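Listing of protein_13.pdb, PDB, C-alpha atoms
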ATOM      1  CA  MET V1226     185.686 -13.288 -42.882
ATOM      2  CA  GLY V1227     182.533 -11.815 -44.348
ATOM      3  CA  ALA V1228     179.111 -12.034 -42.753
ATOM      4  CA  SER V1229     178.061 -14.638 -45.327
ATOM      5  CA  ASP V1230     180.932 -16.903 -44.159
ATOM      6  CA  GLU V1231     179.920 -16.794 -40.494
ATOM      7  CA  PRO V1232     178.943 -20.263 -39.238
ATOM      8  CA  ASP V1233     175.347 -20.486 -38.034
ATOM      9  CA  GLY V1234     176.611 -22.105 -34.851
ATOM     10  CA  THR V1235     178.682 -19.092 -33.758
ATOM     11  CA  LYS V1236     176.452 -16.096 -34.484
ATOM     12  CA  GLU V1237     175.191 -15.508 -30.949
ATOM     13  CA  ALA V1238     178.656 -16.064 -29.474
ATOM     14  CA  ARG V1239     180.235 -13.705 -31.995
ATOM     15  CA  ARG V1240     177.780 -10.925 -31.210
ATOM     16  CA  ARG V1241     178.387 -11.351 -27.489
ATOM     17  CA  TYR V1242     182.170 -11.337 -27.660
ATOM     18  CA  ASP V1243     182.373  -8.551 -30.206
ATOM     19  CA  ARG V1244     180.487  -6.422 -27.655
ATOM     20  CA  ILE V1245     182.887  -7.498 -24.906
ATOM     21  CA  ALA V1246     185.869  -6.573 -27.093
ATOM     22  CA  VAL V1247     184.456  -3.071 -27.502
ATOM     23  CA  LYS V1248     184.152  -2.771 -23.709
ATOM     24  CA  LEU V1249     187.723  -3.993 -23.178
ATOM     25  CA  ARG V1250     188.940  -1.440 -25.698
ATOM     26  CA  GLY V1251     187.127   1.134 -23.594
ATOM     27  CA  GLY V1252     189.035   0.140 -20.466
ATOM     28  CA  GLN V1253     186.460  -2.099 -18.749
ATOM     29  CA  ARG V1254     187.484  -5.320 -17.019
ATOM     30  CA  HIS V1255     186.220  -8.858 -17.536
ATOM     31  CA  PRO V1256     186.689 -11.853 -15.181
ATOM     32  CA  THR V1257     188.100 -14.233 -17.812
ATOM     33  CA  LEU V1258     189.259 -11.913 -20.601
ATOM     34  CA  GLY V1259     191.596  -9.626 -18.721
ATOM     35  CA  PHE V1260     192.967  -8.853 -15.278
ATOM     36  CA  HIS V1261     191.087  -7.550 -12.258
ATOM     37  CA  PRO V1262     192.945  -5.191  -9.916
ATOM     38  CA  ASP V1263     190.186  -5.731  -7.312
ATOM     39  CA  ARG V1264     190.906  -9.483  -7.420
ATOM     40  CA  GLY V1265     194.577  -8.955  -6.664
ATOM     41  CA  ASP V1266     195.860  -8.985 -10.244
ATOM     42  CA  THR V1267     198.485  -6.354 -10.931
ATOM     43  CA  ASP V1268     199.093  -7.093 -14.595
ATOM     44  CA  TRP V1269     197.651  -9.082 -17.489
ATOM     45  CA  TRP V1270     200.308 -11.816 -17.381
ATOM     46  CA  GLN V1271     199.549 -12.516 -13.733
ATOM     47  CA  ALA V1272     195.839 -13.059 -14.441
ATOM     48  CA  GLY V1273     196.323 -16.360 -16.285
ATOM     49  CA  GLU V1274     199.532 -17.573 -14.664
ATOM     50  CA  HIS V1275     198.070 -19.723 -11.877
ATOM     51  CA  ARG V1276     195.629 -21.522 -14.171
ATOM     52  CA  PHE V1277     198.342 -22.144 -16.758
ATOM     53  CA  GLU V1278     200.718 -23.656 -14.183
ATOM     54  CA  LYS V1279     197.911 -25.804 -12.787
ATOM     55  CA  MET V1280     197.081 -27.205 -16.233
ATOM     56  CA  ILE V1281     200.705 -27.902 -17.139
ATOM     57  CA  LYS V1282     201.207 -29.850 -13.926
ATOM     58  CA  ALA V1283     197.897 -31.747 -13.900
ATOM     59  CA  PHE V1284     198.033 -32.906 -17.516
ATOM     60  CA  ALA V1285     201.798 -33.177 -18.039
ATOM     61  CA  ILE V1286     201.743 -30.862 -21.042
ATOM     62  CA  ALA V1287     205.294 -30.595 -22.396
ATOM     63  CA  PRO V1288     206.860 -27.988 -24.709
ATOM     64  CA  HIS V1289     206.917 -30.428 -27.645
ATOM     65  CA  HIS V1290     203.146 -30.958 -27.537
ATOM     66  CA  ARG V1291     200.864 -29.230 -30.015
ATOM     67  CA  VAL V1292     198.016 -27.439 -28.265
ATOM     68  CA  ILE V1293     194.763 -25.929 -29.547
ATOM     69  CA  ASP V1294     193.008 -23.280 -27.465
ATOM     70  CA  TYR V1295     189.338 -23.180 -28.573
ATOM     71  CA  GLY V1296     187.846 -19.902 -27.419
ATOM     72  CA  CYS V1297     191.232 -18.311 -26.808
ATOM     73  CA  GLY V1298     189.731 -14.847 -26.286
ATOM     74  CA  SER V1299     192.344 -12.247 -25.402
ATOM     75  CA  LEU V1300     195.014 -14.958 -24.955
ATOM     76  CA  ARG V1301     195.107 -14.663 -21.160
ATOM     77  CA  LEU V1302     196.086 -18.354 -21.033
ATOM     78  CA  GLY V1303     197.279 -18.497 -24.618
ATOM     79  CA  GLY V1304     200.124 -16.098 -23.986
ATOM     80  CA  HIS V1305     201.574 -18.428 -21.366
ATOM     81  CA  PHE V1306     201.184 -21.487 -23.608
ATOM     82  CA  MET V1307     202.690 -19.567 -26.498
ATOM     83  CA  ARG V1308     205.849 -18.804 -24.506
ATOM     84  CA  TYR V1309     206.052 -22.330 -23.040
ATOM     85  CA  LEU V1310     205.491 -24.445 -26.139
ATOM     86  CA  GLU V1311     207.911 -24.909 -29.006
ATOM     87  CA  ARG V1312     207.631 -22.430 -31.866
ATOM     88  CA  GLU V1313     204.399 -22.778 -33.895
ATOM     89  CA  HIS V1314     202.962 -25.354 -31.462
ATOM     90  CA  TYR V1315     200.098 -23.147 -30.209
ATOM     91  CA  PHE V1316     196.855 -22.690 -32.183
ATOM     92  CA  GLY V1317     194.297 -20.201 -30.843
ATOM     93  CA  LEU V1318     190.743 -20.004 -32.184
ATOM     94  CA  ASP V1319     188.005 -17.577 -31.222
ATOM     95  CA  VAL V1320     184.767 -16.143 -32.584
ATOM     96  CA  ALA V1321     185.912 -12.536 -32.032
ATOM     97  CA  ALA V1322     188.838 -11.293 -34.115
ATOM     98  CA  ASP V1323     189.277  -8.185 -31.981
ATOM     99  CA  LEU V1324     189.727 -10.203 -28.788
ATOM    100  CA  ILE V1325     192.618 -12.028 -30.457
ATOM    101  CA  ALA V1326     194.028  -8.685 -31.618
ATOM    102  CA  ILE V1327     193.819  -7.307 -28.060
ATOM    103  CA  GLY V1328     195.703 -10.353 -26.808
ATOM    104  CA  GLN V1329     198.459  -9.949 -29.368
ATOM    105  CA  GLU V1330     198.876  -6.314 -28.373
ATOM    106  CA  LEU V1331     199.167  -7.276 -24.687
ATOM    107  CA  ILE V1332     201.649 -10.077 -25.418
ATOM    108  CA  GLY V1333     203.761  -7.836 -27.611
ATOM    109  CA  SER V1334     204.921  -8.108 -31.202
ATOM    110  CA  ASP V1335     208.365  -9.501 -30.275
ATOM    111  CA  ILE V1336     206.942 -12.564 -28.503
ATOM    112  CA  VAL V1337     204.321 -13.120 -31.201
ATOM    113  CA  ALA V1338     206.977 -12.981 -33.927
ATOM    114  CA  ASP V1339     209.318 -15.272 -32.004
ATOM    115  CA  ARG V1340     206.720 -17.918 -31.107
ATOM    116  CA  ALA V1341     204.782 -17.741 -34.404
ATOM    117  CA  PRO V1342     201.425 -18.921 -33.034
ATOM    118  CA  HIS V1343     198.546 -19.918 -35.294
ATOM    119  CA  LEU V1344     195.665 -17.522 -34.548
ATOM    120  CA  ALA V1345     192.338 -17.420 -36.358
ATOM    121  CA  THR V1346     188.639 -16.692 -36.064
ATOM    122  CA  ILE V1347     186.382 -19.724 -36.171
ATOM    123  CA  ASP V1348     185.117 -20.673 -39.612
ATOM    124  CA  GLU V1349     185.375 -23.685 -41.912
ATOM    125  CA  GLU V1350     188.842 -22.755 -43.180
ATOM    126  CA  SER V1351     190.339 -22.287 -39.712
ATOM    127  CA  LEU V1352     188.703 -25.449 -38.361
ATOM    128  CA  ALA V1353     190.171 -27.442 -41.249
ATOM    129  CA  ALA V1354     193.607 -25.953 -40.560
ATOM    130  CA  ALA V1355     193.322 -26.695 -36.845
ATOM    131  CA  ALA V1356     192.241 -30.270 -37.539
ATOM    132  CA  ALA V1357     195.312 -30.730 -39.750
ATOM    133  CA  PHE V1358     197.519 -29.185 -37.030
ATOM    134  CA  GLY V1359     197.593 -32.524 -35.194
ATOM    135  CA  ALA V1360     197.139 -31.399 -31.603
ATOM    136  CA  SER V1361     197.920 -33.592 -28.621
ATOM    137  CA  PHE V1362     195.751 -31.385 -26.401
ATOM    138  CA  LEU V1363     192.740 -29.195 -27.014
ATOM    139  CA  PHE V1364     191.509 -27.060 -24.156
ATOM    140  CA  SER V1365     188.418 -24.889 -24.067
ATOM    141  CA  GLU V1366     188.527 -22.697 -21.001
ATOM    142  CA  ALA V1367     185.543 -20.652 -19.736
ATOM    143  CA  VAL V1368     183.654 -21.302 -22.977
ATOM    144  CA  ASP V1369     181.141 -24.145 -22.605
ATOM    145  CA  TYR V1370     179.005 -22.512 -19.934
ATOM    146  CA  HIS V1371     178.561 -19.447 -22.146
ATOM    147  CA  VAL V1372     177.426 -21.447 -25.194
ATOM    148  CA  VAL V1373     173.677 -21.093 -25.708
ATOM    149  CA  PRO V1374     171.802 -24.375 -26.250
ATOM    150  CA  ASP V1375     171.125 -23.607 -29.934
ATOM    151  CA  GLU V1376     174.882 -23.395 -30.619
ATOM    152  CA  CYS V1377     175.998 -26.418 -28.569
ATOM    153  CA  GLU V1378     175.862 -28.849 -31.487
ATOM    154  CA  PHE V1379     178.275 -26.748 -33.555
ATOM    155  CA  TYR V1380     180.579 -26.320 -30.565
ATOM    156  CA  TYR V1381     180.802 -29.990 -29.612
ATOM    157  CA  THR V1382     181.131 -31.084 -33.233
ATOM    158  CA  ALA V1383     184.060 -28.692 -33.648
ATOM    159  CA  LEU V1384     185.758 -29.997 -30.491
ATOM    160  CA  LYS V1385     185.448 -33.616 -31.661
ATOM    161  CA  ARG V1386     186.764 -32.666 -35.075
ATOM    162  CA  LEU V1387     189.900 -31.129 -33.574
ATOM    163  CA  VAL V1388     190.615 -33.945 -31.102
ATOM    164  CA  ASN V1389     191.237 -36.285 -34.009
ATOM    165  CA  LEU V1390     194.428 -38.214 -33.243
ATOM    166  CA  PRO V1391     194.442 -41.453 -31.243
ATOM    167  CA  GLY V1392     195.462 -40.518 -27.706
ATOM    168  CA  SER V1393     194.710 -36.802 -28.096
ATOM    169  CA  ARG V1394     192.916 -35.163 -25.193
ATOM    170  CA  LEU V1395     190.182 -32.591 -24.666
ATOM    171  CA  LEU V1396     190.224 -30.498 -21.480
ATOM    172  CA  LEU V1397     186.833 -28.819 -21.169
ATOM    173  CA  SER V1398     185.989 -26.407 -18.355
ATOM    174  CA  VAL V1399     182.297 -26.599 -17.459
ATOM    175  CA  ARG V1400     179.611 -25.843 -14.922
ATOM    176  CA  MET V1401     177.596 -28.908 -13.897
ATOM    177  CA  ASP V1402     174.246 -29.560 -12.249
ATOM    178  CA  GLU V1403     171.576 -32.266 -12.385
ATOM    179  CA  THR V1404     169.691 -30.514 -15.197
ATOM    180  CA  GLU V1405     170.626 -28.076 -17.942
ATOM    181  CA  HIS V1406     169.659 -24.560 -16.918
ATOM    182  CA  GLU V1407     170.778 -20.952 -17.100
ATOM    183  CA  TYR V1408     171.884 -20.382 -13.503
ATOM    184  CA  ILE V1409     172.734 -16.727 -14.072
ATOM    185  CA  GLN V1410     172.224 -14.686 -17.222
ATOM    186  CA  GLY V1411     174.458 -15.997 -19.984
ATOM    187  CA  CYS V1412     175.843 -18.924 -17.948
ATOM    188  CA  TRP V1413     174.648 -22.511 -18.346
ATOM    189  CA  ALA V1414     175.086 -25.545 -16.099
ATOM    190  CA  ARG V1415     174.731 -29.002 -17.651
ATOM    191  CA  PRO V1416     174.755 -32.598 -16.362
ATOM    192  CA  LEU V1417     177.838 -34.759 -16.782
ATOM    193  CA  GLU V1418     175.797 -37.163 -18.921
ATOM    194  CA  HIS V1419     175.101 -34.294 -21.329
ATOM    195  CA  PHE V1420     178.823 -33.957 -22.024
ATOM    196  CA  LYS V1421     179.369 -37.699 -22.344
ATOM    197  CA  ARG V1422     176.594 -37.968 -24.950
ATOM    198  CA  ALA V1423     177.495 -34.795 -26.830
ATOM    199  CA  LEU V1424     181.201 -35.633 -27.091
ATOM    200  CA  ALA V1425     180.923 -39.321 -28.016
ATOM    201  CA  PRO V1426     182.920 -41.116 -29.382
ATOM    202  CA  LEU V1427     185.472 -39.254 -27.258
ATOM    203  CA  SER V1428     185.902 -41.198 -24.032
ATOM    204  CA  TYR V1429     185.287 -39.486 -20.695
ATOM    205  CA  VAL V1430     188.228 -39.996 -18.307
ATOM    206  CA  LYS V1431     187.892 -37.823 -15.222
ATOM    207  CA  SER V1432     186.629 -34.568 -13.719
ATOM    208  CA  HIS V1433     189.477 -32.361 -12.474
ATOM    209  CA  PHE V1434     189.556 -29.273 -10.220
ATOM    210  CA  VAL V1435     185.994 -29.892  -8.979
ATOM    211  CA  GLN V1436     184.535 -27.161  -6.780
ATOM    212  CA  ILE V1437     180.944 -26.773  -5.568
ATOM    213  CA  GLY V1438     179.392 -23.334  -5.225
ATOM    214  CA  ALA V1439     178.785 -22.207  -1.653
ATOM    215  CA  ALA V1440     175.303 -22.784  -0.275
ATOM    216  CA  GLY V1441     173.162 -19.666  -0.466
ATOM    217  CA  GLY V1442     175.302 -18.039  -3.164
ATOM    218  CA  LYS V1443     174.340 -17.446  -6.778
ATOM    219  CA  HIS V1444     176.311 -20.580  -7.743
ATOM    220  CA  ALA V1445     174.873 -22.749  -4.949
ATOM    221  CA  GLY V1446     175.004 -26.399  -5.945
ATOM    222  CA  ILE V1447     176.753 -25.655  -9.246
ATOM    223  CA  ALA V1448     179.971 -27.624  -9.721
ATOM    224  CA  SER V1449     182.847 -26.148 -11.674
ATOM    225  CA  ALA V1450     185.235 -28.678 -13.197
ATOM    226  CA  THR V1451     187.558 -29.453 -16.063
ATOM    227  CA  LEU V1452     186.431 -32.604 -17.855
ATOM    228  CA  GLU V1453     189.076 -34.763 -19.496
ATOM    229  CA  PHE V1454     188.157 -36.723 -22.637
ATOM    230  CA  HIS V1455     190.413 -38.914 -24.797
ATOM    231  CA  ARG V1456     190.312 -39.921 -28.424
ATOM    232  CA  ILE V1457     190.753 -43.683 -28.209
ATOM    233  CA  GLN V1458     190.861 -44.287 -31.945
ATOM    234  CA  SER V1459     190.191 -42.467 -35.194
ATOM    235  CA  ASP V1460     186.639 -42.413 -36.523
TER     236      ASP V1460
END
Whole structure, structure tokens version:
Amino acid sequence: MGASDEPDGTKEARRRYDRIAVKLRGGQRHPTLGFHPDRGDTDWWQAGEHRFEKMIKAFAIAPHHRVIDYGCGSLRLGGHFMRYLEREHYFGLDVAADLIAIGQELIGSDIVADRAPHLATIDEESLAAAAAFGASFLFSEAVDYHVVPDECEFYYTALKRLVNLPGSRLLLSVRMDETEHEYIQGCWARPLEHFKRALAPLSYVKSHFVQIGAAGGKHAGIASATLEFHRIQSD
């Protein structure tokens, strides 16, 4: 994709994650785009395993479901979904092509060839293909709270576009507080009502995995959660 094809709503995100990809190539670690030996991880597969198992159980995701991973990054979760789902039933989208490439290298060419995932950088062509994919589930993990306010409209519009079948579900990991604010550099908390308005006509169902930051810490009062939205009917 050439620079002229880059969506206006992804430019800041693309610059940020291209820089992170360079750092990962250089051997640095990242809390959601790789494994952390100092956190107890011993390999890349282990880093996303617990979250994957938690999502499968909580949302009853079955191998026959089609799943879109918006903001798939280095496929830390995507690799697990890829192996679990039926062939060609995983679709990963990200702003940074090199993060996807890093993930494919870590997963290995044999698994990628066997599972035949759909993988693409985010642009109009890939969004159209993902919309036609007919996903039962779309999840966007560790993405929303890194989206700058100026790019939120593009992000939420894309999510609604991809959750386009009656009964399809969006699983959106977020940070929540009473007002929208940047609680640490590059991380945004937003009110629940913000998500309800931004994602309408998707219907809010429930907040899962809710945890409140410890008092006195840098995340004090900030709630982390996965918000579940449903598509009740087609637009």
Hits of the PyMOL selection byres ((chain V and resi 1408-1421) around 12) in this structure, as a PyMOL selection string
chain V and resi 1237-1238+1241-1242+1367-1374+1377-1378+1380-1382+1384-1385+1395-1407+1422-1432+1438+1442-1455
Restricting it to C-alpha atoms, dump the selection as a tab-separated table (two decimals), in the coordinates of the input.
chain	number	residue	atom	x	y	z
V	1237	GLU	CA	175.19	-15.51	-30.95
V	1238	ALA	CA	178.66	-16.06	-29.47
V	1241	ARG	CA	178.39	-11.35	-27.49
V	1242	TYR	CA	182.17	-11.34	-27.66
V	1367	ALA	CA	185.54	-20.65	-19.74
V	1368	VAL	CA	183.65	-21.30	-22.98
V	1369	ASP	CA	181.14	-24.14	-22.60
V	1370	TYR	CA	179.00	-22.51	-19.93
V	1371	HIS	CA	178.56	-19.45	-22.15
V	1372	VAL	CA	177.43	-21.45	-25.19
V	1373	VAL	CA	173.68	-21.09	-25.71
V	1374	PRO	CA	171.80	-24.38	-26.25
V	1377	CYS	CA	176.00	-26.42	-28.57
V	1378	GLU	CA	175.86	-28.85	-31.49
V	1380	TYR	CA	180.58	-26.32	-30.56
V	1381	TYR	CA	180.80	-29.99	-29.61
V	1382	THR	CA	181.13	-31.08	-33.23
V	1384	LEU	CA	185.76	-30.00	-30.49
V	1385	LYS	CA	185.45	-33.62	-31.66
V	1395	LEU	CA	190.18	-32.59	-24.67
V	1396	LEU	CA	190.22	-30.50	-21.48
V	1397	LEU	CA	186.83	-28.82	-21.17
V	1398	SER	CA	185.99	-26.41	-18.36
V	1399	VAL	CA	182.30	-26.60	-17.46
V	1400	ARG	CA	179.61	-25.84	-14.92
V	1401	MET	CA	177.60	-28.91	-13.90
V	1402	ASP	CA	174.25	-29.56	-12.25
V	1403	GLU	CA	171.58	-32.27	-12.38
V	1404	THR	CA	169.69	-30.51	-15.20
V	1405	GLU	CA	170.63	-28.08	-17.94
V	1406	HIS	CA	169.66	-24.56	-16.92
V	1407	GLU	CA	170.78	-20.95	-17.10
V	1422	ARG	CA	176.59	-37.97	-24.95
V	1423	ALA	CA	177.50	-34.80	-26.83
V	1424	LEU	CA	181.20	-35.63	-27.09
V	1425	ALA	CA	180.92	-39.32	-28.02
V	1426	PRO	CA	182.92	-41.12	-29.38
V	1427	LEU	CA	185.47	-39.25	-27.26
V	1428	SER	CA	185.90	-41.20	-24.03
V	1429	TYR	CA	185.29	-39.49	-20.70
V	1430	VAL	CA	188.23	-40.00	-18.31
V	1431	LYS	CA	187.89	-37.82	-15.22
V	1432	SER	CA	186.63	-34.57	-13.72
V	1438	GLY	CA	179.39	-23.33	-5.22
V	1442	GLY	CA	175.30	-18.04	-3.16
V	1443	LYS	CA	174.34	-17.45	-6.78
V	1444	HIS	CA	176.31	-20.58	-7.74
V	1445	ALA	CA	174.87	-22.75	-4.95
V	1446	GLY	CA	175.00	-26.40	-5.94
V	1447	ILE	CA	176.75	-25.66	-9.25
V	1448	ALA	CA	179.97	-27.62	-9.72
V	1449	SER	CA	182.85	-26.15	-11.67
V	1450	ALA	CA	185.24	-28.68	-13.20
V	1451	THR	CA	187.56	-29.45	-16.06
V	1452	LEU	CA	186.43	-32.60	-17.86
V	1453	GLU	CA	189.08	-34.76	-19.50
V	1454	PHE	CA	188.16	-36.72	-22.64
V	1455	HIS	CA	190.41	-38.91	-24.80
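Using all atoms listed in the file, the smallest distance between any of V:Ala1357, V:His1289, V:Ile1336, V:Gly1296 and Ala1321 of chain V comes from V:Gly1296.
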So that all listed atoms of segment 1427-1438 of chain V fit with 3 Å spare on each side, what axis-aligned box centre and edge lengths in Å, to one decimal, would you give as JSON?
{"center_x": 184.5, "center_y": -32.3, "center_z": -16.2, "size_x": 16.2, "size_y": 23.9, "size_z": 28.0}
Going by the chain IDs and residue numbers used in this file, which residues fall under the PyMOL selection byres ((chain V and resi 1270) around 9)? Write them as an mmCIF file with C-alpha atoms, in the coordinates of the input.
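Contents of the output file selection_15.cif:
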data_model
loop_
_atom_site.group_PDB
_atom_site.id
_atom_site.type_symbol
_atom_site.label_atom_id
_atom_site.label_comp_id
_atom_site.auth_asym_id
_atom_site.auth_seq_id
_atom_site.Cartn_x
_atom_site.Cartn_y
_atom_site.Cartn_z
ATOM 1 C CA PHE V 1260 192.967 -8.853 -15.278
ATOM 2 C CA ASP V 1266 195.860 -8.985 -10.244
ATOM 3 C CA THR V 1267 198.485 -6.354 -10.931
ATOM 4 C CA ASP V 1268 199.093 -7.093 -14.595
ATOM 5 C CA TRP V 1269 197.651 -9.082 -17.489
ATOM 6 C CA GLN V 1271 199.549 -12.516 -13.733
ATOM 7 C CA ALA V 1272 195.839 -13.059 -14.441
ATOM 8 C CA GLY V 1273 196.323 -16.360 -16.285
ATOM 9 C CA GLU V 1274 199.532 -17.573 -14.664
ATOM 10 C CA ARG V 1301 195.107 -14.663 -21.160
ATOM 11 C CA LEU V 1302 196.086 -18.354 -21.033
ATOM 12 C CA GLY V 1304 200.124 -16.098 -23.986
ATOM 13 C CA HIS V 1305 201.574 -18.428 -21.366
ATOM 14 C CA LEU V 1331 199.167 -7.276 -24.687
ATOM 15 C CA ILE V 1332 201.649 -10.077 -25.418
#
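Our summary of the geometry notes that atom CA of Ala1354 of chain V is positioned 19.2 Å from atom CA of Val1337 of chain V.
Closest approach to Ala1383 of chain V among V:Phe1434, V:Phe1362, V:Phe1277, V:Tyr1295: V:Tyr1295, based on only C-alpha atoms.
When the PyMOL selection byres ((chain V and resi 1299) around 10) is run on the displayed coordinates, the residues it returns are Ala1246, Leu1249, Thr1257, Leu1258, Gly1259, Gly1296, Cys1297, Gly1298, Leu1300, Arg1301, Leu1302, Gly1303, Gly1304, Gly1317, Asp1319, Ala1321, Ala1322, Asp1323, Leu1324, Ile1325, Ala1326, Ile1327, Gly1328, Gln1329, Glu1330, Leu1331 and Ile1332 of chain V.
Pairwise distance (atom CA of Val1292 of chain V, atom CA of Pro1391 of chain V) equals 14.8 Å.
Counting from atom CA of Ala1341 of chain V, the distance to atom CA of Tyr1309 of chain V is 12.3 Å.
Distances here use only C-alpha atoms; by that measure, the residue among V:His1433, V:Arg1386, V:Arg1456, V:Arg1394 closest to Ile1286 of chain V is V:Arg1394.
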Find, counting only C-alpha atoms, the residue in V:Ile1293, V:Ile1437, V:Ala1283, V:Leu1318 that gets nearest to Glu1350 of chain V.
V:Leu1318
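Among the candidates V:Phe1306, V:Val1435, V:Gly1359, V:Pro1288, the one nearest to Asn1389 of chain V when counting all atoms listed in the file is V:Gly1359.
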